[in-house]
$ cat model_29.csv   # CSV, C-alpha atoms
chain,number,residue,atom,x,y,z
A,1,MET,CA,2.7,15.1,-32.5
A,2,GLY,CA,3.8,12.6,-29.8
A,3,LYS,CA,2.3,9.2,-29.5
A,4,TYR,CA,-0.7,9.0,-27.1
A,5,THR,CA,-0.3,6.8,-24.1
A,6,GLN,CA,-3.0,5.5,-21.9
A,7,ILE,CA,-3.6,7.0,-18.4
A,8,SER,CA,-1.6,5.0,-15.9
A,9,LEU,CA,-2.5,4.1,-12.3
A,10,GLN,CA,0.1,6.6,-11.0
A,11,GLU,CA,-1.7,9.3,-13.1
A,12,ARG,CA,-5.0,8.2,-11.7
A,13,VAL,CA,-3.6,8.6,-8.2
A,14,HIS,CA,-2.5,12.1,-9.2
A,15,ILE,CA,-5.9,13.0,-10.5
A,16,PHE,CA,-7.6,11.6,-7.4
A,17,ASN,CA,-5.3,13.6,-5.1
A,18,GLY,CA,-5.8,16.7,-7.3
A,19,LEU,CA,-9.6,16.5,-7.0
A,20,CYS,CA,-9.2,16.0,-3.2
A,21,ARG,CA,-7.3,19.3,-3.1
A,22,GLY,CA,-10.0,21.1,-5.1
A,23,MET,CA,-7.9,21.4,-8.3
A,24,SER,CA,-9.7,22.0,-11.7
A,25,TYR,CA,-9.4,19.7,-14.6
A,26,LYS,CA,-7.2,22.3,-16.3
A,27,ASP,CA,-4.7,22.5,-13.4
A,28,ILE,CA,-4.6,18.7,-13.0
A,29,ALA,CA,-4.0,18.3,-16.8
A,30,LYS,CA,-1.2,20.9,-16.7
A,31,SER,CA,0.6,19.2,-13.8
A,32,LEU,CA,0.4,15.9,-15.7
A,33,GLY,CA,1.4,17.3,-19.0
A,34,ARG,CA,-1.9,16.1,-20.5
A,35,ASP,CA,-4.7,17.8,-22.3
A,36,ARG,CA,-7.6,19.0,-20.2
A,37,ALA,CA,-10.0,16.9,-22.4
A,38,THR,CA,-8.0,13.8,-21.4
A,39,VAL,CA,-8.5,14.4,-17.7
A,40,SER,CA,-12.2,15.3,-18.2
A,41,ARG,CA,-12.8,12.1,-20.2
A,42,GLU,CA,-11.0,10.0,-17.6
A,43,CYS,CA,-13.2,11.4,-14.8
A,44,SER,CA,-16.3,10.9,-16.9
A,45,ARG,CA,-15.5,7.3,-17.8
A,46,ASN,CA,-14.4,6.2,-14.3
A,47,SER,CA,-16.9,7.7,-12.0
A,48,LYS,CA,-19.9,6.5,-10.1
A,49,ASN,CA,-22.8,8.6,-8.9
A,50,GLY,CA,-21.0,11.8,-9.7
A,51,TYR,CA,-17.8,10.8,-7.8
A,52,TYR,CA,-14.5,9.9,-9.4
A,53,CYS,CA,-13.6,6.4,-8.2
A,54,TYR,CA,-10.6,5.6,-6.0
A,55,PRO,CA,-7.5,5.1,-8.3
A,56,GLN,CA,-7.5,1.3,-8.0
A,57,GLU,CA,-11.2,1.1,-8.9
A,58,ALA,CA,-10.8,3.5,-11.8
A,59,GLN,CA,-7.9,1.3,-13.1
A,60,LYS,CA,-10.0,-1.8,-12.9
A,61,LEU,CA,-12.8,-0.1,-14.9
A,62,ALA,CA,-10.3,0.9,-17.5
A,63,ASP,CA,-8.8,-2.5,-17.7
A,64,ASN,CA,-12.2,-4.1,-18.1
A,65,ARG,CA,-12.9,-1.9,-21.1
A,66,LYS,CA,-9.6,-2.8,-22.7
A,67,ALA,CA,-10.2,-6.5,-22.1
A,68,LYS,CA,-13.2,-6.3,-24.5
A,69,HIS,CA,-10.7,-5.7,-27.3
A,70,GLY,CA,-8.8,-8.9,-26.6
A,71,TYR,CA,-5.5,-9.6,-25.1
A,72,LYS,CA,-2.7,-7.1,-25.9
A,73,VAL,CA,-0.3,-10.0,-26.1
A,74,ASN,CA,-2.0,-11.1,-29.3
A,75,ARG,CA,-1.6,-7.7,-30.9
A,76,ILE,CA,2.2,-7.5,-30.5
A,77,GLY,CA,4.2,-9.6,-33.0
A,78,GLY,CA,6.7,-12.1,-31.5
A,79,LEU,CA,5.6,-11.4,-27.9
A,80,LYS,CA,3.9,-14.8,-27.4
A,81,ASP,CA,6.9,-16.8,-28.4
A,82,TYR,CA,9.1,-14.5,-26.2
A,83,ILE,CA,6.8,-15.1,-23.1
A,84,VAL,CA,6.8,-18.9,-23.5
A,85,ALA,CA,10.6,-19.0,-24.0
A,86,LYS,CA,11.3,-16.9,-20.9
A,87,LEU,CA,8.7,-18.7,-18.7
A,88,LYS,CA,10.6,-21.9,-19.6
A,89,GLY,CA,13.7,-20.1,-18.5
A,90,TYR,CA,12.2,-19.5,-15.1
A,91,TRP,CA,11.6,-15.8,-15.6
A,92,SER,CA,8.7,-14.3,-13.8
A,93,PRO,CA,6.0,-12.3,-15.7
A,94,ILE,CA,7.3,-9.1,-14.0
A,95,ALA,CA,10.8,-9.8,-15.3
A,96,ILE,CA,9.4,-10.7,-18.8
A,97,ALA,CA,7.3,-7.5,-19.0
A,98,GLY,CA,10.0,-5.3,-17.7
A,99,ARG,CA,12.7,-6.7,-20.1
A,100,TRP,CA,10.4,-6.7,-23.1
A,101,SER,CA,9.3,-3.1,-22.5
A,102,MET,CA,13.0,-2.0,-22.1
A,103,GLU,CA,13.9,-3.6,-25.4
A,104,HIS,CA,10.7,-2.5,-27.2
A,105,PRO,CA,9.9,1.0,-25.9
A,106,ASN,CA,7.2,1.5,-28.6
A,107,GLU,CA,5.4,-1.8,-27.7
A,108,THR,CA,5.5,-1.9,-23.9
A,109,ILE,CA,3.5,-4.5,-21.9
A,110,THR,CA,2.5,-4.8,-18.3
A,111,PRO,CA,2.8,-7.8,-16.0
A,112,GLU,CA,-0.9,-7.7,-15.5
A,113,ALA,CA,-1.4,-8.1,-19.3
A,114,LEU,CA,0.9,-11.1,-19.2
A,115,TYR,CA,-1.0,-12.7,-16.3
A,116,ALA,CA,-4.3,-12.2,-18.1
A,117,TRP,CA,-3.1,-13.9,-21.2
A,118,ILE,CA,-1.3,-16.7,-19.3
A,119,TYR,CA,-4.5,-17.6,-17.4
A,120,GLY,CA,-6.6,-17.1,-20.5
A,121,LYS,CA,-7.8,-19.9,-22.7
A,122,GLU,CA,-4.7,-19.9,-24.9
A,123,GLY,CA,-2.3,-19.7,-22.0
A,124,VAL,CA,-3.9,-22.5,-20.1
A,125,SER,CA,-4.0,-24.7,-23.2
A,126,LEU,CA,-0.2,-24.3,-23.5
A,127,GLY,CA,0.3,-25.2,-19.8
A,128,LEU,CA,1.8,-21.8,-19.0
A,129,PRO,CA,0.4,-21.4,-15.5
A,130,LYS,CA,2.5,-24.4,-14.5
A,131,LEU,CA,5.6,-22.4,-15.5
A,132,LEU,CA,5.0,-19.6,-13.1
A,133,PRO,CA,7.1,-19.2,-9.9
A,134,ARG,CA,3.9,-20.1,-7.9
A,135,ALA,CA,2.3,-22.6,-10.2
A,136,LYS,CA,-1.5,-22.4,-9.7
A,137,SER,CA,-4.1,-23.9,-12.0
A,138,LYS,CA,-6.3,-20.8,-11.4
A,139,ARG,CA,-5.3,-17.3,-10.6
A,140,GLY,CA,-6.1,-16.3,-7.1
A,141,LYS,CA,-8.5,-13.5,-6.5
A,142,VAL,CA,-7.6,-10.4,-4.5
A,143,HIS,CA,-10.2,-9.9,-1.8
A,144,ALA,CA,-10.1,-6.3,-1.1
A,145,ARG,CA,-11.7,-4.9,2.1
A,146,LYS,CA,-14.8,-2.9,1.5
A,147,SER,CA,-14.9,0.7,2.4
A,148,LYS,CA,-15.8,1.1,6.1
A,149,ASP,CA,-18.0,4.2,6.1
A,150,LYS,CA,-18.8,3.4,9.7
A,151,ILE,CA,-15.4,4.6,10.8
A,152,PRO,CA,-16.0,8.1,12.1
A,153,TYR,CA,-13.8,11.1,11.2
A,154,ARG,CA,-11.9,8.9,8.7
A,155,VAL,CA,-9.3,11.0,6.9
A,156,PRO,CA,-8.0,9.4,3.6
A,157,ILE,CA,-4.4,8.9,3.0
A,158,SER,CA,-4.6,11.3,0.1
A,159,ARG,CA,-4.7,14.1,2.7
A,160,ARG,CA,-1.6,13.0,4.4
A,161,PRO,CA,1.2,15.7,4.2
A,162,GLU,CA,4.2,15.2,1.9
A,163,SER,CA,6.5,15.4,4.9
A,164,ILE,CA,5.0,12.1,6.1
A,165,ASN,CA,4.9,10.6,2.6
A,166,ASN,CA,8.6,11.4,2.1
A,167,ARG,CA,9.6,10.0,5.4
A,168,ASP,CA,11.3,13.2,6.4
A,169,GLU,CA,10.4,13.0,10.1
A,170,LEU,CA,10.4,10.5,12.9
A,171,GLY,CA,7.2,9.6,14.8
A,172,HIS,CA,4.9,8.9,11.9
A,173,LEU,CA,3.6,5.3,12.5
A,174,GLU,CA,1.8,2.7,10.5
A,175,GLY,CA,-0.4,0.0,12.2
A,176,ASP,CA,-1.8,-3.4,11.3
A,177,LEU,CA,-2.7,-6.7,12.8
A,178,VAL,CA,-1.1,-10.1,12.2
A,179,PHE,CA,-3.1,-13.4,12.6
A,180,ASN,CA,-1.9,-17.0,12.8
A,181,LYS,CA,-3.5,-20.2,11.9
A,182,GLY,CA,-6.3,-21.4,14.1
A,183,SER,CA,-7.4,-18.0,15.5
A,184,GLN,CA,-9.0,-14.9,13.9
A,185,SER,CA,-9.4,-13.4,17.3
A,186,SER,CA,-6.0,-13.5,19.0
A,187,ASN,CA,-3.6,-11.3,17.1
A,188,VAL,CA,-0.3,-9.3,17.1
A,189,LEU,CA,-0.5,-5.5,16.8
A,190,THR,CA,2.4,-4.2,14.6
A,191,LEU,CA,3.4,-0.6,14.8
A,192,VAL,CA,6.2,0.7,12.5
A,193,ASP,CA,7.9,4.1,12.3
A,194,ARG,CA,7.9,5.1,8.7
A,195,LYS,CA,11.4,6.8,8.8
A,196,SER,CA,13.4,4.5,11.1
A,197,ARG,CA,11.4,1.2,10.5
A,198,TYR,CA,11.5,0.8,14.3
A,199,ILE,CA,8.9,-1.8,15.2
A,200,MET,CA,6.7,-2.4,18.3
A,201,LEU,CA,4.8,-5.6,18.8
A,202,THR,CA,1.9,-6.4,21.2
A,203,LYS,CA,-0.1,-9.6,21.6
A,204,ASN,CA,-3.9,-9.0,21.8
A,205,GLU,CA,-6.4,-11.6,22.8
A,206,SER,CA,-9.1,-9.9,20.8
A,207,LYS,CA,-9.4,-7.8,17.6
A,208,LYS,CA,-12.2,-5.7,19.1
A,209,THR,CA,-11.5,-2.1,18.5
A,210,ASP,CA,-11.3,-1.1,22.1
A,211,VAL,CA,-8.6,-3.7,22.8
A,212,VAL,CA,-6.6,-2.8,19.7
A,213,ILE,CA,-6.8,0.9,20.2
A,214,LYS,CA,-5.9,0.6,23.8
A,215,ALA,CA,-2.7,-1.3,22.9
A,216,THR,CA,-1.9,1.3,20.3
A,217,MET,CA,-2.3,4.1,22.8
A,218,ILE,CA,0.0,2.4,25.3
A,219,HIS,CA,2.8,2.4,22.7
A,220,ILE,CA,2.1,6.0,21.8
A,221,GLU,CA,2.2,7.1,25.4
A,222,GLU,CA,5.5,5.3,25.9
A,223,HIS,CA,7.3,6.1,22.7
A,224,GLY,CA,5.4,9.2,21.3
A,225,ALA,CA,4.0,9.7,17.8
A,226,ALA,CA,3.2,12.4,15.4
A,227,SER,CA,0.7,10.6,13.3
A,228,ILE,CA,-0.5,7.0,12.5
A,229,THR,CA,-1.9,5.4,9.4
A,230,PHE,CA,-4.3,2.4,9.4
A,231,ASP,CA,-6.2,0.3,6.8
A,232,ASN,CA,-10.0,0.2,6.9
A,233,GLY,CA,-10.4,-2.7,9.3
A,234,THR,CA,-13.1,-2.3,11.9
A,235,GLU,CA,-10.5,-2.9,14.6
A,236,PHE,CA,-9.4,0.7,14.1
A,237,THR,CA,-12.9,2.2,14.4
A,238,ASP,CA,-12.1,3.8,17.8
A,239,HIS,CA,-9.1,5.8,16.4
A,240,GLN,CA,-10.8,9.0,17.6
A,241,LYS,CA,-9.6,8.1,21.1
A,242,ILE,CA,-6.0,8.5,19.8
A,243,ILE,CA,-6.9,11.9,18.4
A,244,ASP,CA,-8.6,13.0,21.6
A,245,GLN,CA,-5.9,11.9,24.0
A,246,PHE,CA,-2.7,12.7,22.0
A,247,SER,CA,-3.9,15.4,19.5
A,248,ILE,CA,-2.3,13.6,16.6
A,249,PRO,CA,-3.9,12.9,13.2
A,250,THR,CA,-4.9,9.4,11.9
A,251,TYR,CA,-5.0,8.5,8.3
A,252,PHE,CA,-6.6,5.6,6.4
A,253,CYS,CA,-5.6,3.8,3.2
A,254,ASP,CA,-7.9,3.7,0.3
A,255,PRO,CA,-10.3,0.7,0.3
A,256,GLY,CA,-8.6,-2.4,-1.0
A,257,ALA,CA,-5.2,-0.7,-0.9
A,258,PRO,CA,-3.3,-1.8,2.2
A,259,TYR,CA,-0.1,-1.6,0.3
A,260,GLN,CA,-0.3,2.2,0.8
A,261,LYS,CA,1.1,1.5,4.3
A,262,GLY,CA,4.0,-0.4,2.8
A,263,SER,CA,6.3,-0.2,5.8
A,264,VAL,CA,4.1,-2.2,8.1
A,265,GLU,CA,3.1,-4.6,5.3
A,266,ASN,CA,6.8,-5.4,4.6
A,267,THR,CA,7.4,-5.8,8.3
A,268,ASN,CA,4.6,-8.3,8.7
A,269,LYS,CA,6.1,-10.4,5.9
A,270,ALA,CA,9.5,-10.3,7.6
A,271,LEU,CA,7.8,-11.3,10.9
A,272,ARG,CA,6.9,-14.7,9.3
A,273,ARG,CA,10.5,-15.7,9.5
A,274,PHE,CA,10.2,-15.7,13.3
A,275,MET,CA,6.5,-16.3,13.5
A,276,PRO,CA,5.3,-18.6,10.7
A,277,TYR,CA,1.6,-18.7,10.0
A,278,GLU,CA,1.4,-22.3,11.2
A,279,LEU,CA,2.8,-21.5,14.6
A,280,SER,CA,0.1,-21.9,17.3
A,281,VAL,CA,-1.1,-18.7,18.9
A,282,LEU,CA,-0.4,-20.4,22.3
A,283,GLU,CA,3.3,-20.3,21.5
A,284,ILE,CA,3.2,-16.6,20.7
A,285,THR,CA,3.9,-14.8,24.0
A,286,GLN,CA,4.7,-11.1,24.7
A,287,GLU,CA,8.1,-12.2,25.8
A,288,LYS,CA,8.7,-13.8,22.4
A,289,LEU,CA,7.4,-10.8,20.6
A,290,ASP,CA,9.7,-8.5,22.6
A,291,GLN,CA,12.7,-10.7,21.6
A,292,ILE,CA,11.6,-10.6,17.9
A,293,ALA,CA,11.2,-6.8,18.0
A,294,ASP,CA,14.6,-6.4,19.6
A,295,SER,CA,16.3,-8.6,17.0
A,296,MET,CA,14.7,-6.8,14.1
A,297,ASN,CA,15.3,-3.3,15.6
A,298,ASN,CA,19.0,-4.1,16.0
A,299,THR,CA,19.6,-5.6,12.5
A,300,PRO,CA,21.3,-3.2,9.9
A,301,ARG,CA,19.1,-2.3,7.0
A,302,LYS,CA,20.3,-1.4,3.5
A,303,ILE,CA,17.5,1.2,3.2
A,304,LEU,CA,18.9,2.9,6.3
A,305,GLU,CA,22.4,2.9,4.9
A,306,PHE,CA,23.2,-0.1,7.0
A,307,ARG,CA,22.2,1.6,10.2
A,308,THR,CA,19.8,-0.2,12.5
A,309,PRO,CA,16.2,0.9,13.2
A,310,PHE,CA,17.2,1.4,16.8
A,311,GLU,CA,20.0,3.8,15.8
A,312,VAL,CA,17.9,5.8,13.5
A,313,GLN,CA,15.0,5.9,15.9
A,314,ASN,CA,17.2,7.2,18.7
A,315,CYS,CA,19.3,9.5,16.4
A,316,ILE,CA,22.5,7.6,17.1
A,317,ASP,CA,25.4,7.9,14.6
A,318,PRO,CA,27.2,4.5,15.0
A,319,PHE,CA,30.1,5.7,12.9
A,320,SER,CA,31.0,8.7,15.0
A,321,LYS,CA,29.9,7.1,18.3
A,322,ARG,CA,28.0,10.2,19.3
A,323,CYS,CA,24.3,11.0,19.7
A,324,VAL,CA,22.7,13.4,17.2
A,325,SER,CA,20.0,15.6,18.6
A,326,ARG,CA,16.5,14.7,17.6
A,327,VAL,CA,14.7,17.4,15.7
A,328,LYS,CA,11.4,18.4,17.4
A,329,GLN,CA,8.6,17.3,15.2
A,330,ALA,CA,5.7,19.6,14.3
A,331,ARG,CA,2.4,17.8,14.3
A,332,PRO,CA,0.3,18.2,11.2
A,333,ALA,CA,-3.0,20.0,11.7
A,334,LEU,CA,-6.1,17.8,12.0
A,335,GLU,CA,-8.8,17.9,9.4
A,336,VAL,CA,-12.0,16.2,8.7
A,337,VAL,CA,-12.7,15.4,5.0
A,338,ASP,CA,-16.2,15.8,3.8
A,339,ASN,CA,-15.9,15.5,0.0
A,340,VAL,CA,-14.6,11.9,-0.1
A,341,LYS,CA,-17.5,9.5,-0.3
A,342,LEU,CA,-18.0,5.8,-0.7
A,343,TYR,CA,-17.1,5.8,-4.4
A,344,GLY,CA,-14.2,8.3,-4.3
A,345,VAL,CA,-13.9,12.1,-4.6
A,346,ALA,CA,-16.4,14.6,-5.9
A,347,LEU,CA,-15.8,15.7,-9.4
A,348,ARG,CA,-14.6,19.2,-10.3
A,349,SER,CA,-14.8,21.1,-13.6

$ encode --input "model_29.csv" --output "structure tokens"
Amino acid sequence: MGKYTQISLQERVHIFNGLCRGMSYKDIAKSLGRDRATVSRECSRNSKNGYYCYPQEAQKLADNRKAKHGYKVNRIGGLKDYIVAKLKGYWSPIAIAGRWSMEHPNETITPEALYAWIYGKEGVSLGLPKLLPRAKSKRGKVHARKSKDKIPYRVPISRRPESINNRDELGHLEGDLVFNKGSQSSNVLTLVDRKSRYIMLTKNESKKTDVVIKATMIHIEEHGAASITFDNGTEFTDHQKIIDQFSIPTYFCDPGAPYQKGSVENTNKALRRFMPYELSVLEITQEKLDQIADSMNNTPRKILEFRTPFEVQNCIDPFSKRCVSRVKQARPALEVVDNVKLYGVALRS
């Protein structure tokens, strides 16, 4: 009999998506290669008010239960000395955990477990936080946005088709706002095509939903779109206007999981090279944003096989110097989800 392993975050995402699709515990367990009782126990332990929690919340509940048994670092012989030595060698907890797990497949460890021990009583007494790449005396908290149940017709990202998830088609966008120091009103709207990484930037003087959605619609009208994914910020409350005018679906990340729209999140990080947080909003003009977008859209990307976003977006093959016909995109059917509540998805048996 094989050694039992704990349910991972990826498996919790799979369970959550399976429940969204109406799958039974038996079918979910079969697709995971797990026993039905394992899936049933997972749903029972990590549910609230009869609804299986969102994967990140379920992971947090499981981690909290494990924490009651002490740090895993203390239960693996030789690991503490290994961590200290590698931290002094300027390794990050991610590198330490990955290397240790590769060398000790029967005693794997996660970066989160290392961080918990480093910032625990013993780690602090050894001065380990000071050895981290970002030396902080206390670990920063992740302030996740609360679920915005006021957003009407909100379709969760778990219902987004695989053709979008796999970046098979052009025209599927991700949207977000970027703020600079000194103003939480004036902002920059960032729209990114998931396949081509082509970006569009607009300066808004307000983060009110009517202003943000109007700017989004202008870009869609000019460039076209097959779908768009947002986080749960109230600035996207009026997304229904996009659906009504362009007949394209909108999707929303799980609460507290903006990383699920990774293309725009990574783009926003890259934007800081041109638009550092300390830069006054008065210095951020639409002309400057157009120049930034043009520069980023014409820079070769490794992930695009060293083509530029502009070339991929416009279906240009730079190596043959000819234009490749763009495949007409089929728009996914719209749907309204009624079984995903505040805490997650309704349980199945």

$ closest_residue --input "model_29.csv" --among "A:Ala85, A:Tyr71, A:Ile94, A:Asn64" --to "Gly120 of chain A" --atoms "only C-alpha atoms"
A:Tyr71

$ closest_residue --input "model_29.csv" --among "A:Ile199, A:Ile83, A:Leu132, A:Leu177" --to "Asp290 of chain A" --atoms "only C-alpha atoms"
A:Ile199

$ closest_atom_pairs --input "model_29.csv" --of "segment 207-293 of chain A" --to "segment 303-313 of chain A" --cutoff "12 Å" --atoms "all atoms listed in the file" --output "Markdown table"
| residue | atom | partner | partner_atom | distance |
| --- | --- | --- | --- | --- |
| A:His223 | CA | A:Gln313 | CA | 10.3 |
| A:Gly224 | CA | A:Gln313 | CA | 11.5 |
| A:Ala225 | CA | A:Gln313 | CA | 11.8 |
| A:Ser263 | CA | A:Ile303 | CA | 11.6 |
| A:Ala293 | CA | A:Phe310 | CA | 10.2 |

$ residues_around --input "model_29.csv" --residues "Leu126 of chain A" --least-positions-apart "6" --cutoff "12 Å" --atoms "all atoms listed in the file" --output "list of chain:residue names"
A:Lys80, A:Asp81, A:Ile83, A:Val84, A:Leu87, A:Lys88, A:Trp117, A:Ile118, A:Tyr119, A:Gly120

$ residues_near_point --input "model_29.csv" --point "(11.4, -21.1, -15.7)" --cutoff "12 Å" --atoms "all atoms listed in the file" --output "number ranges by chain"
A: 83-93, 95-96, 128-135

$ closest_residue --input "model_29.csv" --among "A:Gln260, A:Thr110, A:Ser280, A:Asn165" --to "Gly182 of chain A" --atoms "all atoms listed in the file"
A:Ser280

$ atom_distance --input "model_29.csv" --atom1 "atom CA of Glu205 of chain A" --atom2 "atom CA of Ala226 of chain A"
26.9 Å

$ atom_distance --input "model_29.csv" --atom1 "atom CA of Trp100 of chain A" --atom2 "atom CA of Ile76 of chain A"
11.1 Å

$ build_atoms --input "model_29.csv" --residues "segment 114-135 of chain A" --atoms "N, CA and C atoms" --output "PDB file, in the frame of the given file"
ATOM      1  N   LEU A 114       0.304  -9.789 -19.064  1.00  0.00           N
ATOM      2  CA  LEU A 114       0.900 -11.100 -19.200  1.00  0.00           C
ATOM      3  C   LEU A 114       0.083 -12.153 -18.412  1.00  0.00           C
ATOM      4  N   TYR A 115      -0.205 -11.810 -17.160  1.00  0.00           N
ATOM      5  CA  TYR A 115      -1.000 -12.700 -16.300  1.00  0.00           C
ATOM      6  C   TYR A 115      -2.339 -13.022 -16.926  1.00  0.00           C
ATOM      7  N   ALA A 116      -2.980 -11.990 -17.465  1.00  0.00           N
ATOM      8  CA  ALA A 116      -4.300 -12.200 -18.100  1.00  0.00           C
ATOM      9  C   ALA A 116      -4.248 -13.161 -19.224  1.00  0.00           C
ATOM     10  N   TRP A 117      -3.209 -13.048 -20.053  1.00  0.00           N
ATOM     11  CA  TRP A 117      -3.100 -13.900 -21.200  1.00  0.00           C
ATOM     12  C   TRP A 117      -2.671 -15.352 -20.742  1.00  0.00           C
ATOM     13  N   ILE A 118      -1.737 -15.439 -19.779  1.00  0.00           N
ATOM     14  CA  ILE A 118      -1.300 -16.700 -19.300  1.00  0.00           C
ATOM     15  C   ILE A 118      -2.441 -17.554 -18.711  1.00  0.00           C
ATOM     16  N   TYR A 119      -3.331 -16.873 -17.974  1.00  0.00           N
ATOM     17  CA  TYR A 119      -4.500 -17.600 -17.400  1.00  0.00           C
ATOM     18  C   TYR A 119      -5.703 -17.562 -18.275  1.00  0.00           C
ATOM     19  N   GLY A 120      -5.542 -17.027 -19.481  1.00  0.00           N
ATOM     20  CA  GLY A 120      -6.600 -17.100 -20.500  1.00  0.00           C
ATOM     21  C   GLY A 120      -6.677 -18.441 -21.121  1.00  0.00           C
ATOM     22  N   LYS A 121      -7.607 -18.595 -22.034  1.00  0.00           N
ATOM     23  CA  LYS A 121      -7.800 -19.900 -22.700  1.00  0.00           C
ATOM     24  C   LYS A 121      -6.586 -20.399 -23.392  1.00  0.00           C
ATOM     25  N   GLU A 122      -5.913 -19.513 -24.132  1.00  0.00           N
ATOM     26  CA  GLU A 122      -4.700 -19.900 -24.900  1.00  0.00           C
ATOM     27  C   GLU A 122      -3.572 -20.293 -23.958  1.00  0.00           C
ATOM     28  N   GLY A 123      -3.359 -19.457 -22.944  1.00  0.00           N
ATOM     29  CA  GLY A 123      -2.300 -19.700 -22.000  1.00  0.00           C
ATOM     30  C   GLY A 123      -2.429 -21.006 -21.254  1.00  0.00           C
ATOM     31  N   VAL A 124      -3.652 -21.274 -20.829  1.00  0.00           N
ATOM     32  CA  VAL A 124      -3.900 -22.500 -20.100  1.00  0.00           C
ATOM     33  C   VAL A 124      -3.733 -23.729 -20.993  1.00  0.00           C
ATOM     34  N   SER A 125      -4.151 -23.601 -22.265  1.00  0.00           N
ATOM     35  CA  SER A 125      -4.000 -24.700 -23.200  1.00  0.00           C
ATOM     36  C   SER A 125      -2.534 -25.051 -23.446  1.00  0.00           C
ATOM     37  N   LEU A 126      -1.663 -24.046 -23.309  1.00  0.00           N
ATOM     38  CA  LEU A 126      -0.200 -24.300 -23.500  1.00  0.00           C
ATOM     39  C   LEU A 126       0.455 -24.684 -22.181  1.00  0.00           C
ATOM     40  N   GLY A 127      -0.308 -24.750 -21.116  1.00  0.00           N
ATOM     41  CA  GLY A 127       0.300 -25.200 -19.800  1.00  0.00           C
ATOM     42  C   GLY A 127       1.130 -24.101 -19.177  1.00  0.00           C
ATOM     43  N   LEU A 128       0.909 -22.836 -19.502  1.00  0.00           N
ATOM     44  CA  LEU A 128       1.800 -21.800 -19.000  1.00  0.00           C
ATOM     45  C   LEU A 128       1.645 -21.510 -17.495  1.00  0.00           C
ATOM     46  N   PRO A 129       0.453 -21.645 -16.906  1.00  0.00           N
ATOM     47  CA  PRO A 129       0.400 -21.400 -15.500  1.00  0.00           C
ATOM     48  C   PRO A 129       1.337 -22.279 -14.647  1.00  0.00           C
ATOM     49  N   LYS A 130       1.637 -23.483 -15.169  1.00  0.00           N
ATOM     50  CA  LYS A 130       2.500 -24.400 -14.500  1.00  0.00           C
ATOM     51  C   LYS A 130       3.983 -23.900 -14.475  1.00  0.00           C
ATOM     52  N   LEU A 131       4.278 -22.944 -15.368  1.00  0.00           N
ATOM     53  CA  LEU A 131       5.600 -22.400 -15.500  1.00  0.00           C
ATOM     54  C   LEU A 131       5.893 -21.217 -14.605  1.00  0.00           C
ATOM     55  N   LEU A 132       4.857 -20.752 -13.925  1.00  0.00           N
ATOM     56  CA  LEU A 132       5.000 -19.600 -13.100  1.00  0.00           C
ATOM     57  C   LEU A 132       5.732 -19.942 -11.777  1.00  0.00           C
ATOM     58  N   PRO A 133       6.366 -18.961 -11.128  1.00  0.00           N
ATOM     59  CA  PRO A 133       7.100 -19.200  -9.900  1.00  0.00           C
ATOM     60  C   PRO A 133       6.152 -19.888  -8.826  1.00  0.00           C
ATOM     61  N   ARG A 134       4.888 -19.429  -8.782  1.00  0.00           N
ATOM     62  CA  ARG A 134       3.900 -20.100  -7.900  1.00  0.00           C
ATOM     63  C   ARG A 134       2.857 -20.702  -8.827  1.00  0.00           C
ATOM     64  N   ALA A 135       3.124 -21.934  -9.197  1.00  0.00           N
ATOM     65  CA  ALA A 135       2.300 -22.600 -10.200  1.00  0.00           C
ATOM     66  C   ALA A 135       0.902 -22.915  -9.610  1.00  0.00           C
TER      67      ALA A 135
END
